[in-house]
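Have a look at work_34.json below; it lists JSON, C-alpha atoms.
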[["chain", "number", "residue", "atom", "x", "y", "z"],
["A", 1, "GLU", "CA", 58.59, 31.85, 151.52],
["A", 2, "VAL", "CA", 56.73, 34.45, 153.54],
["A", 3, "ARG", "CA", 59.18, 36.17, 155.82],
["A", 4, "LEU", "CA", 59.75, 39.43, 157.68],
["A", 5, "THR", "CA", 63.22, 40.35, 158.88],
["A", 6, "GLU", "CA", 63.83, 43.29, 161.19],
["A", 7, "SER", "CA", 67.15, 45.07, 161.61],
["A", 8, "GLY", "CA", 68.51, 48.31, 162.97],
["A", 9, "GLY", "CA", 68.09, 47.81, 166.69],
["A", 10, "GLY", "CA", 70.78, 48.47, 169.22],
["A", 11, "LEU", "CA", 71.81, 50.96, 171.85],
["A", 12, "VAL", "CA", 70.63, 54.54, 171.51],
["A", 13, "GLN", "CA", 71.03, 57.42, 173.92],
["A", 14, "PRO", "CA", 67.99, 59.30, 175.20],
["A", 15, "GLY", "CA", 67.20, 62.02, 172.71],
["A", 16, "GLY", "CA", 68.92, 60.12, 169.94],
["A", 17, "SER", "CA", 67.59, 58.66, 166.71],
["A", 18, "LEU", "CA", 67.45, 55.31, 165.03],
["A", 19, "ARG", "CA", 65.97, 53.58, 162.03],
["A", 20, "LEU", "CA", 64.45, 50.15, 162.13],
["A", 21, "SER", "CA", 64.01, 48.23, 158.90],
["A", 22, "CYS", "CA", 61.69, 45.39, 158.01],
["A", 23, "ALA", "CA", 62.60, 43.46, 154.88],
["A", 24, "ALA", "CA", 59.50, 41.74, 153.62],
["A", 25, "SER", "CA", 59.05, 38.67, 151.46],
["A", 26, "LEU", "CA", 55.33, 38.33, 150.92],
["A", 27, "ARG", "CA", 53.01, 36.56, 148.52],
["A", 28, "THR", "CA", 51.23, 39.70, 147.47],
["A", 29, "ARG", "CA", 51.94, 43.38, 147.09],
["A", 30, "LYS", "CA", 48.42, 44.46, 146.33],
["A", 31, "HIS", "CA", 46.84, 44.80, 149.74],
["A", 32, "VAL", "CA", 49.05, 44.46, 152.75],
["A", 33, "CYS", "CA", 48.94, 45.98, 156.19],
["A", 34, "LEU", "CA", 52.37, 46.29, 157.82],
["A", 35, "GLY", "CA", 52.50, 47.02, 161.50],
["A", 36, "TRP", "CA", 55.21, 47.82, 164.01],
["A", 37, "PHE", "CA", 54.94, 46.61, 167.59],
["A", 38, "ARG", "CA", 57.04, 47.16, 170.69],
["A", 39, "GLN", "CA", 57.29, 44.62, 173.47],
["A", 40, "ALA", "CA", 58.68, 45.73, 176.80],
["A", 41, "PRO", "CA", 59.93, 43.05, 179.21],
["A", 42, "GLY", "CA", 57.05, 41.22, 180.84],
["A", 43, "GLN", "CA", 54.46, 42.88, 178.65],
["A", 44, "GLU", "CA", 52.50, 42.01, 175.56],
["A", 45, "PRO", "CA", 53.47, 43.65, 172.26],
["A", 46, "GLN", "CA", 51.86, 47.04, 171.82],
["A", 47, "GLY", "CA", 51.07, 48.59, 168.48],
["A", 48, "VAL", "CA", 53.32, 51.47, 167.48],
["A", 49, "ALA", "CA", 52.43, 52.22, 163.87],
["A", 50, "ALA", "CA", 50.85, 50.78, 160.78],
["A", 51, "ILE", "CA", 51.08, 51.50, 157.08],
["A", 52, "SER", "CA", 49.13, 50.02, 154.23],
["A", 53, "LEU", "CA", 50.15, 48.80, 150.81],
["A", 54, "GLY", "CA", 47.26, 49.21, 148.44],
["A", 55, "GLY", "CA", 44.22, 51.33, 148.95],
["A", 56, "ASP", "CA", 45.49, 54.82, 149.77],
["A", 57, "GLY", "CA", 48.84, 53.29, 150.69],
["A", 58, "GLY", "CA", 49.31, 55.57, 153.64],
["A", 59, "VAL", "CA", 50.02, 55.54, 157.33],
["A", 60, "THR", "CA", 46.94, 54.39, 159.15],
["A", 61, "TYR", "CA", 48.06, 54.41, 162.76],
["A", 62, "ILE", "CA", 50.66, 56.07, 164.99],
["A", 63, "SER", "CA", 50.55, 55.44, 168.71],
["A", 64, "ASN", "CA", 50.00, 58.55, 170.82],
["A", 65, "SER", "CA", 53.13, 57.67, 172.77],
["A", 66, "VAL", "CA", 55.33, 58.15, 169.69],
["A", 67, "LYS", "CA", 53.31, 60.62, 167.65],
["A", 68, "GLY", "CA", 55.51, 63.45, 166.45],
["A", 69, "ARG", "CA", 58.67, 61.43, 167.10],
["A", 70, "PHE", "CA", 58.27, 58.24, 165.05],
["A", 71, "THR", "CA", 57.47, 57.97, 161.38],
["A", 72, "VAL", "CA", 56.77, 54.93, 159.27],
["A", 73, "SER", "CA", 57.48, 54.60, 155.58],
["A", 74, "LYS", "CA", 58.03, 52.03, 152.86],
["A", 75, "ASP", "CA", 60.36, 51.48, 149.95],
["A", 76, "LEU", "CA", 58.55, 49.29, 147.48],
["A", 77, "MET", "CA", 61.59, 48.85, 145.28],
["A", 78, "ARG", "CA", 63.41, 47.23, 148.20],
["A", 79, "ASN", "CA", 60.33, 45.56, 149.71],
["A", 80, "THR", "CA", 61.33, 47.21, 152.93],
["A", 81, "TRP", "CA", 59.38, 49.14, 155.55],
["A", 82, "TYR", "CA", 61.00, 51.55, 157.97],
["A", 83, "LEU", "CA", 60.30, 52.91, 161.42],
["A", 84, "ASP", "CA", 62.26, 56.10, 162.04],
["A", 85, "ALA", "CA", 62.51, 57.30, 165.59],
["A", 86, "LYS", "CA", 63.83, 60.60, 166.88],
["A", 87, "ASP", "CA", 64.02, 62.10, 170.35],
["A", 88, "VAL", "CA", 64.06, 58.56, 171.69],
["A", 89, "LYS", "CA", 62.93, 58.13, 175.29],
["A", 90, "PRO", "CA", 63.71, 55.39, 177.82],
["A", 91, "GLU", "CA", 60.14, 54.12, 177.52],
["A", 92, "ASP", "CA", 60.76, 53.42, 173.83],
["A", 93, "ALA", "CA", 63.04, 50.54, 174.76],
["A", 94, "GLY", "CA", 61.99, 47.00, 173.99],
["A", 95, "THR", "CA", 61.88, 44.43, 171.26],
["A", 96, "TYR", "CA", 60.42, 45.80, 168.06],
["A", 97, "TYR", "CA", 58.56, 43.54, 165.71],
["A", 98, "CYS", "CA", 57.18, 44.13, 162.28],
["A", 99, "ALA", "CA", 54.09, 42.18, 161.38],
["A", 100, "ALA", "CA", 52.01, 41.82, 158.25],
["A", 101, "GLU", "CA", 48.60, 40.80, 157.07],
["A", 102, "GLU", "CA", 48.22, 40.06, 153.39],
["A", 103, "ASP", "CA", 45.13, 40.66, 151.29],
["A", 104, "SER", "CA", 43.81, 43.08, 153.85],
["A", 105, "TYR", "CA", 43.54, 46.73, 154.65],
["A", 106, "CYS", "CA", 44.89, 48.12, 157.89],
["A", 107, "PRO", "CA", 42.45, 48.64, 160.73],
["A", 108, "GLU", "CA", 41.03, 52.13, 160.81],
["A", 109, "ASP", "CA", 42.31, 52.69, 164.33],
["A", 110, "GLU", "CA", 44.63, 51.07, 166.86],
["A", 111, "ILE", "CA", 46.30, 47.86, 165.75],
["A", 112, "ALA", "CA", 46.38, 44.64, 167.74],
["A", 113, "GLN", "CA", 48.48, 41.48, 167.66],
["A", 114, "SER", "CA", 45.49, 39.50, 166.46],
["A", 115, "ASP", "CA", 45.31, 41.62, 163.31],
["A", 116, "PHE", "CA", 48.60, 40.21, 162.01],
["A", 117, "PRO", "CA", 49.36, 36.54, 161.24],
["A", 118, "ILE", "CA", 52.90, 37.12, 159.95],
["A", 119, "TRP", "CA", 55.67, 38.25, 162.32],
["A", 120, "GLY", "CA", 59.38, 38.89, 162.19],
["A", 121, "GLN", "CA", 61.85, 37.71, 164.78],
["A", 122, "GLY", "CA", 62.21, 41.13, 166.41],
["A", 123, "THR", "CA", 65.06, 43.54, 166.99],
["A", 124, "GLN", "CA", 66.09, 44.84, 170.37],
["A", 125, "VAL", "CA", 66.26, 48.55, 171.15],
["A", 126, "THR", "CA", 68.01, 49.68, 174.32],
["A", 127, "VAL", "CA", 67.79, 53.30, 175.43],
["A", 128, "SER", "CA", 70.54, 54.29, 177.80],
["A", 129, "SER", "CA", 73.14, 56.97, 178.32]]
Could the structure of this file be written out as structure tokens, please?
Amino acid sequence: EVRLTESGGGLVQPGGSLRLSCAASLRTRKHVCLGWFRQAPGQEPQGVAAISLGGDGGVTYISNSVKGRFTVSKDLMRNTWYLDAKDVKPEDAGTYYCAAEEDSYCPEDEIAQSDFPIWGQGTQVTVSS
């Protein structure tokens, strides 16, 4: 069964840190693009970061709004991707989704919802003191 499961959301204070995890059950591990999206209330999901599995296997996209504060990584032994956030700001709040596209390389630039057919259920991040 193809499935993505996010965890790690919750309440974080401004300036704090958190780690979001995405446990992945996919059909392939050769070429996968894994993306992270944030959806604020009343808005469409916006791309935050993307990392590829296969090819150069590196980070292909980090949104300018989180660059220098968020990092994305993967643990292939655990089939888990991570989004680490530091110096969290109120505008980072929202529902975070991980999404995947199998048998594909990540886009060379900004990611979009339409790039990813597989989505997790989301995890909520609240930023408040």
Subject >> From A:Leu76, A:Ile111, A:Cys106, A:Val88, residue lying nearest A:Gly16 [all atoms listed in the file] >> reply: A:Val88
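Each of A:Val59, A:Ala40, A:Ile51, A:Leu26 was checked against A:Asp103 using all atoms listed in the file; the smallest atom-to-atom distance is that of A:Leu26.
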Please write out, as JSON, where the centre of an axis-aligned box around all listed atoms of stretch 25-38 of chain A lies and how long its edges are, in Å to one decimal, after adding 8 Å on each side.
{"center_x": 52.9, "center_y": 42.2, "center_z": 158.5, "size_x": 28.2, "size_y": 27.3, "size_z": 40.4}
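With distances restricted to only C-alpha atoms, A:Cys98 is the closest residue to A:Thr80 from A:Gly9, A:Ser104, A:Thr126, A:Cys98.
Coordinates place atom CA of A:Trp36 at a distance of 9.5 Å from atom CA of A:Ile62.
Remark: for A:Leu53, the closest of the candidate residues A:Thr95, A:Thr28, A:Gln39, A:Ser65 is A:Thr28 (distances computed over all atoms listed in the file).
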**OP:** Do a neighbour search on A:Gly47 at 9 Å with only C-alpha atoms, toss out local chain neighbours closer than 2 positions, and write the hits as a VMD selection string.
**Re:** chain A and resid 35 to 39 45 49 to 50 61 to 63 110 to 113
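Using all atoms listed in the file for every distance, the candidate list A:Ile118, A:Pro90, A:Pro41, A:Arg69 yields A:Pro90 as the residue closest to A:Gln13.
The nearest approach to A:Val2 among the residues A:Leu18, A:Ala24, A:Ser128, A:Tyr97, with all atoms listed in the file taken into account, belongs to A:Ala24.
Counting from atom CA of A:Lys30, the distance to atom CA of A:Thr71 is 22.2 Å.
Rounded to one decimal, atom CA of A:His31 and atom CA of A:Gly58 lie 11.7 Å from each other.
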Subject >> Exercise: A:Trp119 partners within 9 Å, all atoms listed in the file, chain neighbours under 4 positions left out, as a ChimeraX atom specification >> reply: /A:3-5,97-100
